[in-house]
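Student: Just my_file17.txt, nothing more (compact mmCIF, C-alpha atoms):
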# COMPACT_ATOMS: atom_id res chain seq x y z
CA MET A 1 82.31 58.01 -11.44
CA ASP A 2 81.11 58.60 -15.00
CA GLN A 3 78.52 56.32 -16.61
CA HIS A 4 81.06 54.68 -18.92
CA THR A 5 83.36 53.56 -16.13
CA HIS A 6 80.30 52.49 -14.15
CA ASN A 7 79.10 50.27 -17.01
CA TYR A 8 82.58 48.93 -17.62
CA LEU A 9 82.88 47.85 -14.00
CA LEU A 10 79.43 46.29 -14.20
CA ARG A 11 80.66 44.11 -17.08
CA LEU A 12 83.52 42.94 -14.92
CA ALA A 13 81.33 42.19 -11.93
CA ASP A 14 78.39 40.73 -13.86
CA ASN A 15 80.66 38.21 -15.61
CA ASN A 16 81.80 37.01 -12.21
CA LEU A 17 78.40 37.03 -10.56
CA ILE A 18 76.56 35.16 -13.30
CA LEU A 19 79.33 32.59 -13.77
CA GLY A 20 79.52 32.26 -9.98
CA GLN A 21 75.78 31.59 -9.87
CA ARG A 22 76.16 28.98 -12.61
CA MET A 23 79.01 27.26 -10.77
CA ALA A 24 77.02 27.34 -7.53
CA GLN A 25 74.30 25.30 -9.26
CA TRP A 26 76.76 22.39 -9.18
CA CYS A 27 76.81 22.44 -5.39
CA GLY A 28 75.70 18.98 -4.27
CA HIS A 29 75.62 17.72 -7.88
CA GLY A 30 79.32 17.40 -8.72
CA PRO A 31 80.45 14.19 -10.41
CA VAL A 32 82.67 13.39 -7.42
CA LEU A 33 82.95 14.93 -3.99
CA GLU A 34 86.32 16.54 -4.70
CA GLU A 35 85.10 18.33 -7.83
CA ASP A 36 81.88 19.33 -6.12
CA ILE A 37 84.00 21.14 -3.53
CA ALA A 38 86.27 22.60 -6.20
CA MET A 39 83.38 24.02 -8.21
CA THR A 40 81.69 25.44 -5.14
CA ASN A 41 84.96 27.09 -4.09
CA ILE A 42 85.32 28.60 -7.53
CA ALA A 43 81.74 29.87 -7.31
CA LEU A 44 82.54 31.55 -4.00
CA ASP A 45 85.71 33.11 -5.43
CA LEU A 46 83.76 34.55 -8.35
CA ILE A 47 80.90 35.89 -6.25
CA GLY A 48 83.41 37.36 -3.79
CA GLN A 49 85.17 39.20 -6.60
CA ALA A 50 81.85 40.50 -7.95
CA THR A 51 80.94 41.73 -4.47
CA LEU A 52 84.09 43.87 -4.30
CA VAL A 53 83.07 45.64 -7.49
CA TYR A 54 79.41 46.11 -6.52
CA GLU A 55 80.46 47.54 -3.16
CA HIS A 56 82.77 49.97 -4.88
CA LEU A 57 80.00 51.02 -7.27
CA ALA A 58 77.49 51.46 -4.45
CA GLU A 59 79.97 53.59 -2.52
CA ALA A 60 80.71 55.76 -5.56
CA GLU A 61 77.00 56.27 -6.25
CA ALA A 62 76.37 57.47 -2.72
CA GLY A 63 72.68 57.23 -3.58
CA GLY A 64 71.69 54.71 -0.95
CA ARG A 65 71.97 51.67 -3.23
CA THR A 66 73.83 48.76 -1.66
CA ALA A 67 75.94 46.11 -3.39
CA ASP A 68 73.00 43.71 -2.92
CA ASP A 69 70.62 46.14 -4.59
CA ILE A 70 72.89 46.30 -7.61
CA ALA A 71 73.13 42.51 -7.81
CA PHE A 72 69.52 41.65 -7.07
CA LEU A 73 67.38 44.54 -8.24
CA ARG A 74 68.41 44.82 -11.88
CA ASP A 75 66.65 43.10 -14.77
CA ALA A 76 68.30 41.08 -17.52
CA HIS A 77 68.80 43.97 -19.95
CA GLN A 78 70.71 45.84 -17.23
CA PHE A 79 73.26 43.05 -16.86
CA TYR A 80 76.39 43.44 -18.97
CA ASN A 81 78.02 40.02 -18.71
CA VAL A 82 79.10 38.20 -21.87
CA GLN A 83 76.67 35.54 -23.07
CA LEU A 84 79.20 32.76 -22.54
CA VAL A 85 78.86 32.85 -18.75
CA GLU A 86 75.05 32.61 -18.73
CA LEU A 87 74.82 29.49 -20.90
CA PRO A 88 73.45 26.40 -19.15
CA ASN A 89 76.01 24.25 -17.35
CA GLY A 90 75.37 21.17 -19.48
CA ASP A 91 77.60 18.33 -18.33
CA PHE A 92 80.89 18.53 -16.45
CA ALA A 93 82.83 18.83 -19.72
CA ARG A 94 80.85 21.85 -20.86
CA THR A 95 81.07 23.60 -17.49
CA THR A 96 84.81 22.95 -17.37
CA LEU A 97 85.48 24.10 -20.91
CA ARG A 98 83.49 27.30 -20.31
CA MET A 99 85.53 27.92 -17.15
CA PHE A 100 88.70 27.36 -19.15
CA PHE A 101 87.65 29.79 -21.91
CA PHE A 102 86.58 32.40 -19.41
CA SER A 103 89.46 32.16 -16.97
CA THR A 104 92.00 32.24 -19.80
CA PHE A 105 90.43 35.54 -20.83
CA GLN A 106 90.08 36.74 -17.26
CA SER A 107 93.68 36.05 -16.31
CA LEU A 108 94.94 37.95 -19.37
CA LEU A 109 92.51 40.78 -18.65
CA LEU A 110 93.49 41.06 -14.99
CA ASP A 111 97.14 41.08 -15.98
CA GLU A 112 96.46 44.16 -18.12
CA LEU A 113 94.17 45.79 -15.56
CA ARG A 114 96.98 45.81 -12.99
CA THR A 115 98.35 48.87 -14.76
CA SER A 116 94.96 50.58 -15.03
CA THR A 117 94.97 54.28 -14.14
CA ASP A 118 91.91 53.62 -12.00
CA ALA A 119 93.23 52.75 -8.53
CA PHE A 120 90.26 50.52 -7.70
CA VAL A 121 90.61 48.57 -10.94
CA SER A 122 94.35 47.97 -10.51
CA GLY A 123 93.86 46.91 -6.88
CA PHE A 124 91.01 44.61 -7.83
CA ALA A 125 93.10 43.04 -10.60
CA ALA A 126 95.99 42.27 -8.25
CA LYS A 127 93.64 40.71 -5.72
CA ALA A 128 91.61 38.60 -8.14
CA ALA A 129 94.60 37.34 -10.13
CA LYS A 130 95.63 34.59 -7.69
CA GLU A 131 92.20 32.98 -7.56
CA THR A 132 91.82 33.29 -11.30
CA ALA A 133 95.20 31.62 -11.88
CA TYR A 134 93.87 28.61 -9.99
CA HIS A 135 90.56 28.56 -11.89
CA LEU A 136 92.57 28.55 -15.09
CA ARG A 137 94.94 25.80 -14.06
CA HIS A 138 92.22 23.53 -12.71
CA SER A 139 89.96 23.90 -15.73
CA ALA A 140 92.84 23.56 -18.22
CA ASP A 141 94.02 20.39 -16.50
CA TRP A 142 90.54 18.92 -16.86
CA VAL A 143 90.21 19.89 -20.52
CA ILE A 144 93.49 18.08 -21.18
CA ARG A 145 92.51 14.99 -19.20
CA MET A 146 89.07 14.70 -20.76
CA GLY A 147 90.19 15.46 -24.31
CA ASP A 148 93.04 12.99 -24.05
CA GLY A 149 91.04 10.56 -21.90
CA THR A 150 88.50 7.86 -22.69
CA PRO A 151 86.36 7.87 -25.88
CA GLU A 152 83.44 9.00 -23.70
CA SER A 153 85.26 11.94 -22.06
CA ARG A 154 86.71 12.97 -25.40
CA HIS A 155 83.31 12.88 -27.06
CA ARG A 156 81.89 15.07 -24.29
CA MET A 157 84.71 17.58 -24.60
CA GLU A 158 84.23 17.70 -28.38
CA SER A 159 80.50 18.42 -28.00
CA ALA A 160 81.29 21.11 -25.43
CA LEU A 161 83.72 22.67 -27.86
CA SER A 162 81.17 22.85 -30.65
CA ALA A 163 78.47 24.16 -28.29
CA LEU A 164 80.55 26.93 -26.74
CA TRP A 165 82.94 28.09 -29.42
CA ALA A 166 80.58 30.63 -31.02
CA TYR A 167 80.27 32.40 -27.65
CA THR A 168 84.00 33.02 -27.15
CA GLY A 169 84.32 35.91 -29.60
CA GLU A 170 82.36 38.40 -27.50
CA MET A 171 85.01 38.50 -24.77
CA LEU A 172 87.76 39.23 -27.27
CA THR A 173 86.07 41.72 -29.58
CA PRO A 174 86.22 45.37 -28.47
CA ASP A 175 83.07 47.46 -28.73
CA ALA A 176 82.69 51.24 -28.32
CA LEU A 177 82.94 51.10 -24.53
CA ASP A 178 86.06 48.90 -24.59
CA VAL A 179 87.72 51.38 -26.94
CA GLN A 180 86.68 54.29 -24.74
CA MET A 181 88.09 52.62 -21.62
CA GLN A 182 91.30 51.85 -23.46
CA ALA A 183 91.61 55.50 -24.48
CA ALA A 184 91.17 56.48 -20.82
CA ALA A 185 93.87 53.93 -19.87
CA ILE A 186 91.39 52.22 -17.57
CA GLY A 187 91.00 49.07 -19.67
CA PRO A 188 93.29 47.18 -22.05
CA ASP A 189 93.39 46.88 -25.81
CA LEU A 190 91.35 43.74 -26.46
CA THR A 191 92.88 43.33 -29.91
CA ILE A 192 96.21 42.60 -28.19
CA LEU A 193 94.58 40.29 -25.69
CA ALA A 194 92.81 38.21 -28.35
CA PRO A 195 95.91 36.59 -29.92
CA ALA A 196 97.27 35.74 -26.46
CA TRP A 197 93.95 34.06 -25.65
CA THR A 198 94.02 32.11 -28.91
CA GLN A 199 97.57 30.99 -28.28
CA LYS A 200 96.80 29.69 -24.78
CA VAL A 201 93.64 27.92 -25.94
CA LYS A 202 95.49 26.40 -28.89
CA SER A 203 98.25 25.00 -26.69
CA VAL A 204 95.80 23.43 -24.22
CA LEU A 205 93.57 21.97 -26.95
CA GLU A 206 96.66 20.57 -28.61
CA GLU A 207 97.75 18.89 -25.40
CA ALA A 208 94.20 17.58 -25.07
CA THR A 209 94.51 16.24 -28.65
CA LEU A 210 91.39 18.24 -29.55
CA ARG A 211 90.96 20.06 -32.84
CA PHE A 212 91.07 23.86 -32.68
CA PRO A 213 87.70 24.99 -34.12
CA ALA A 214 87.45 26.68 -37.49
CA ASP A 215 86.38 30.33 -37.76
CA THR A 216 82.68 30.72 -37.31
CA HIS A 217 80.01 33.32 -36.66
CA MET A 218 80.36 34.68 -33.12
CA TYR A 219 77.40 35.70 -30.96
CA SER A 220 77.55 38.94 -29.03
CA GLY A 221 75.32 41.43 -27.26
CA GLY A 222 75.64 40.47 -23.61
CA LYS A 223 78.11 43.28 -22.93
CA ASN A 224 75.36 45.71 -23.93
CA GLY A 225 72.47 44.02 -22.19
CA ARG A 226 71.25 41.77 -25.02
CA HIS A 227 71.18 38.28 -23.60
CA THR A 228 70.21 34.72 -24.40
CA GLU A 229 66.94 33.47 -22.96
CA HIS A 230 68.89 31.76 -20.19
CA LEU A 231 69.78 34.85 -18.16
CA GLY A 232 66.18 35.52 -17.14
CA TYR A 233 65.92 32.10 -15.53
CA ILE A 234 69.17 32.63 -13.64
CA LEU A 235 67.93 35.95 -12.31
CA ALA A 236 64.53 34.53 -11.39
CA GLU A 237 66.23 32.03 -9.11
CA MET A 238 69.02 34.31 -7.89
CA GLN A 239 66.84 37.32 -7.18
CA PHE A 240 63.73 35.61 -5.82
CA LEU A 241 64.38 36.17 -2.14
CA PRO A 242 65.23 39.88 -2.10
CA ARG A 243 62.41 40.57 -4.57
CA ALA A 244 59.75 38.59 -2.71
CA TYR A 245 60.84 39.92 0.68
CA PRO A 246 62.27 43.40 0.10
CA GLY A 247 64.69 44.52 2.77
CA LEU A 248 64.91 41.07 4.34
CA LYS A 249 67.98 40.65 6.54
CA TRP A 250 69.65 37.62 8.07
CA MET B 1 83.70 -2.53 -15.97
CA SER B 2 85.86 -3.37 -12.99
CA ASN B 3 85.65 -1.36 -9.83
CA GLU B 4 89.26 -0.33 -10.30
CA LYS B 5 88.39 1.49 -13.51
CA LYS B 6 85.30 3.14 -12.12
CA ASN B 7 86.89 4.70 -9.07
CA TRP B 8 89.82 7.03 -9.01
CA PRO B 9 92.73 5.99 -6.83
CA LEU B 10 92.89 7.19 -3.27
CA TRP B 11 95.61 9.67 -2.27
CA GLU B 12 96.88 10.45 1.19
CA ILE B 13 97.40 14.16 1.69
CA PHE B 14 100.16 15.74 3.75
CA ILE B 15 100.35 19.47 4.38
CA ARG B 16 103.14 21.56 5.83
CA SER B 17 101.32 24.40 7.52
CA LYS B 18 104.41 26.50 8.29
CA GLN B 19 108.05 26.56 7.28
CA GLY B 20 110.09 24.46 9.68
CA LEU B 21 107.23 22.14 10.60
CA HIS B 22 106.83 18.63 9.27
CA HIS B 23 104.30 17.70 6.65
CA LYS B 24 101.35 16.38 8.55
CA HIS B 25 98.78 13.87 7.39
CA VAL B 26 95.47 15.69 7.00
CA GLY B 27 93.29 13.13 5.26
CA SER B 28 92.71 11.49 1.93
CA LEU B 29 90.83 12.06 -1.30
CA HIS B 30 90.20 10.56 -4.72
CA ALA B 31 91.85 11.96 -7.84
CA PRO B 32 92.73 10.62 -11.29
CA ASP B 33 96.43 11.49 -10.97
CA ALA B 34 98.98 13.21 -8.76
CA ALA B 35 98.61 16.70 -10.25
CA MET B 36 94.83 16.66 -9.81
CA ALA B 37 95.29 15.28 -6.30
CA ILE B 38 97.29 18.38 -5.41
CA GLU B 39 94.62 20.65 -6.89
CA ASN B 40 91.88 18.81 -5.04
CA ALA B 41 93.89 18.92 -1.82
CA ARG B 42 94.01 22.69 -2.21
CA ASP B 43 90.25 22.80 -2.35
CA VAL B 44 89.48 20.19 0.26
CA TYR B 45 92.14 20.90 2.88
CA THR B 46 93.81 24.31 2.57
CA ARG B 47 90.99 26.77 2.06
CA ARG B 48 90.83 27.84 5.67
CA MET B 49 94.25 26.83 6.91
CA GLU B 50 96.74 28.09 4.36
CA GLY B 51 99.84 25.94 4.14
CA VAL B 52 103.18 26.26 2.40
CA SER B 53 103.51 22.82 0.85
CA ILE B 54 101.36 19.85 -0.13
CA TRP B 55 102.47 16.25 -0.59
CA VAL B 56 100.23 13.64 -2.18
CA VAL B 57 101.01 9.94 -1.89
CA PRO B 58 99.10 7.07 -3.52
CA ALA B 59 97.38 5.34 -0.62
CA ALA B 60 98.13 2.00 -2.30
CA GLN B 61 101.85 2.69 -1.85
CA ILE B 62 101.59 2.84 1.91
CA THR B 63 102.49 -0.34 3.76
CA ALA B 64 100.73 -0.34 7.09
CA SER B 65 101.44 -2.40 10.16
CA SER B 66 98.82 -4.91 11.17
CA PRO B 67 96.74 -4.11 14.26
CA ASP B 68 97.44 -7.70 15.35
CA ASP B 69 101.13 -6.84 15.65
CA LYS B 70 100.43 -4.13 18.19
CA ASP B 71 101.96 -6.02 21.08
CA LEU B 72 104.95 -7.19 19.11
CA LEU B 73 105.76 -3.72 17.82
CA PHE B 74 104.96 -1.41 20.68
CA ASP B 75 104.78 -3.24 23.98
CA PRO B 76 108.50 -3.93 24.51
CA ALA B 77 109.18 -0.22 24.91
CA ASN B 78 107.03 0.12 27.99
CA ASP B 79 109.13 -1.89 30.45
CA LYS B 80 112.46 -0.34 29.45
CA ILE B 81 112.30 3.04 31.05
CA TYR B 82 115.89 3.82 30.08
CA ARG B 83 114.66 4.16 26.51
CA HIS B 84 112.66 7.23 27.38
CA PRO B 85 114.56 10.48 27.80
CA THR B 86 112.70 11.28 30.99
CA PHE B 87 115.77 11.60 33.24
CA TYR B 88 117.13 14.73 31.68
CA ASN B 89 116.28 18.16 32.95
CA ILE B 90 115.51 20.49 30.10
CA PRO B 91 116.49 24.11 30.82
CA GLU B 92 113.58 26.56 30.90
CA GLU B 93 114.93 28.54 27.92
CA ILE B 94 114.65 25.57 25.58
CA GLY B 95 110.91 25.54 25.99
CA HIS B 96 108.82 22.78 24.46
CA MET B 97 110.79 20.00 22.87
Would you mind giving the structure from this file in structure tokens?

Tutor:
Amino acid sequence: MDQHTHNYLLRLADNNLILGQRMAQWCGHGPVLEEDIAMTNIALDLIGQATLVYEHLAEAEAGGRTADDIAFLRDAHQFYNVQLVELPNGDFARTTLRMFFFSTFQSLLLDELRTSTDAFVSGFAAKAAKETAYHLRHSADWVIRMGDGTPESRHRMESALSALWAYTGEMLTPDALDVQMQAAAIGPDLTILAPAWTQKVKSVLEEATLRFPADTHMYSGGKNGRHTEHLGYILAEMQFLPRAYPGLKW
Amino acid sequence: MSNEKKNWPLWEIFIRSKQGLHHKHVGSLHAPDAAMAIENARDVYTRRMEGVSIWVVPAAQITASSPDDKDLLFDPANDKIYRHPTFYNIPEEIGHM
């Protein structure tokens, strides 16, 4: 596997792992039992998907690194997830809106990746699509209910919207690696994906009676290892055990 | 704020585990509306035992018999053995009925 494909797959897996870790932080803290279970299930789905990719990478490397090594023994600048997924959970509205933004993107991406010339990528896309379809439906349903709910739930969804919007552009804006992967027919053309994302988000926000945000400056950098200050704290917690006790098994 | 507003309604969940079988009551959960009740049922009840269909019913819509009426409702059956189909021989091939 060449370095470009390797890094591209890391983006895919790191998005899932970091968002999975964020969702797992809700375990035992959900607003109601049912949503606590839902968020934990989603966390497990995401981490499971990431594991598939890390295992594939470890196998391709054949250098003795395991999937766990790849997940737990890299530092922040070696993670290629978008910044959106590493942002703090905030309240339930913010976590839900972030899941909606991400899974809208992810379901469109997986749809395109099904026709990837890379057999692993197309297989992965087919497998992950079902879970992602549920993540999208569940989060979209909540955005609609909270936006079109009580003054309190609406206010929370509006604050989530203004806090997260500037982090949505990174997913949808192709950089050099995206273009390279598109040329190799491994990844999709993000410029085609972007309008589809906007359309879906528009229709859900409309149903939620929320205002579609105006154009604004978009943050980026995560895809190339430049992260917000939050990722380091996630890794500190997530990686503590294998770093403090190298080789520990259970 | 009244308790009614603070708590979501309770839903009874029925799952058909296989085609041809009846929907079976599996438990209950809280959800703001029917659509969310189905999504929550997926998370709470079908993650390990995949089913083919989910029904959700507002628990408030269920009319239950009173435990005090137990005798009135169920006892009369016991002393009328002709009501039970125990006198028929079921051929081996039919299996469990």

Student: Could you please select, counting only C-alpha atoms, the residues of chain B within 7 Å of chain A and state them as number ranges by chain?

Tutor: B: 39-40, 43-44

Student: Could you work out how far CA of Ala125 (chain A) lies from CA of Leu110 (chain A), giving the answer in Å with one decimal?

Tutor: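 Straight-line distance from CA of Leu110 (chain A) to CA of Ala125 (chain A) works out to 4.8 Å.
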
Student: Is there a way to get, as a list in words, all residues within 6 Å of the point (98.9, 9.4, -2.3) in file coordinates, counting all atoms listed in the file?

Tutor: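 The requested residues, written out, are Trp11, Glu12, Val56, Val57, Pro58 and Ala59 of chain B.
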
Student: Which is closer to Gly48 (chain A) than all the others in A:Glu229, A:Asp14, A:Asp175, A:Glu170, using all atoms listed in the file?

Tutor: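 Checking each candidate against Gly48 (chain A), we get A:Asp14 as the closest.
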
Student: How far is it from CA of Met238 (chain A) to CA of Ala71 (chain A), in Å with one decimal?

Tutor: 9.2 Å

Student: Could you jot down the CA of Leu9 (chain A) to CA of Ser116 (chain A) separation for me, Å, one decimal place?

Tutor: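 Separation of CA of Leu9 (chain A) and CA of Ser116 (chain A): 12.4 Å.
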
Student: Counting all atoms listed in the file, write as number ranges by chain all protein and nucleic acid residues lying at most 7 Å from (91.7, 16.7, 6.1) in the file's frame.

Tutor: B: 26-28, 45

Student: I'd like the contact shell of region 194-206 of chain A - 10 Å cut-off, all atoms listed in the file, skipping same-chain residues fewer than 4 positions apart - returned as a VMD selection string.

Tutor: chain A and resid 100 to 109 140 to 141 143 to 144 147 to 148 161 169 171 to 174 189 to 190 210 to 213

Student: For Thr96 (chain A), which residue among A:Leu73, A:Leu46, A:Met146, A:Met218 is the nearest when counting only C-alpha atoms?

Tutor: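 For Thr96 (chain A), the nearest of the candidates is A:Met146.
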
Student: Please identify all polymer residues within 9 Å of Trp55 (chain B), counting only C-alpha atoms, omitting same-chain residues fewer than 2 positions from it, and present them as a list in words.

Tutor: Glu12, Ile13, Phe14, Ile15, Arg16, His23, Ile38, Ser53 and Val57 of chain B

Student: Counting only C-alpha atoms, what is within 9 Å of Val82 (chain A), bar same-chain residues fewer than 6 positions away, as a ChimeraX atom specification?

Tutor: /A:11,14-15,167-168,170-171,220-225,227

Student: For the residues in the current selection, export C-alpha atoms as an mmCIF file, in the coordinates of the input.

Tutor:
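See result_27.cif below for the written result:
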data_model
loop_
_atom_site.group_PDB
_atom_site.id
_atom_site.type_symbol
_atom_site.label_atom_id
_atom_site.label_comp_id
_atom_site.auth_asym_id
_atom_site.auth_seq_id
_atom_site.Cartn_x
_atom_site.Cartn_y
_atom_site.Cartn_z
ATOM 1 C CA ARG A 11 80.660 44.110 -17.080
ATOM 2 C CA ASP A 14 78.390 40.730 -13.860
ATOM 3 C CA ASN A 15 80.660 38.210 -15.610
ATOM 4 C CA TYR A 167 80.270 32.400 -27.650
ATOM 5 C CA THR A 168 84.000 33.020 -27.150
ATOM 6 C CA GLU A 170 82.360 38.400 -27.500
ATOM 7 C CA MET A 171 85.010 38.500 -24.770
ATOM 8 C CA SER A 220 77.550 38.940 -29.030
ATOM 9 C CA GLY A 221 75.320 41.430 -27.260
ATOM 10 C CA GLY A 222 75.640 40.470 -23.610
ATOM 11 C CA LYS A 223 78.110 43.280 -22.930
ATOM 12 C CA ASN A 224 75.360 45.710 -23.930
ATOM 13 C CA GLY A 225 72.470 44.020 -22.190
ATOM 14 C CA HIS A 227 71.180 38.280 -23.600
#
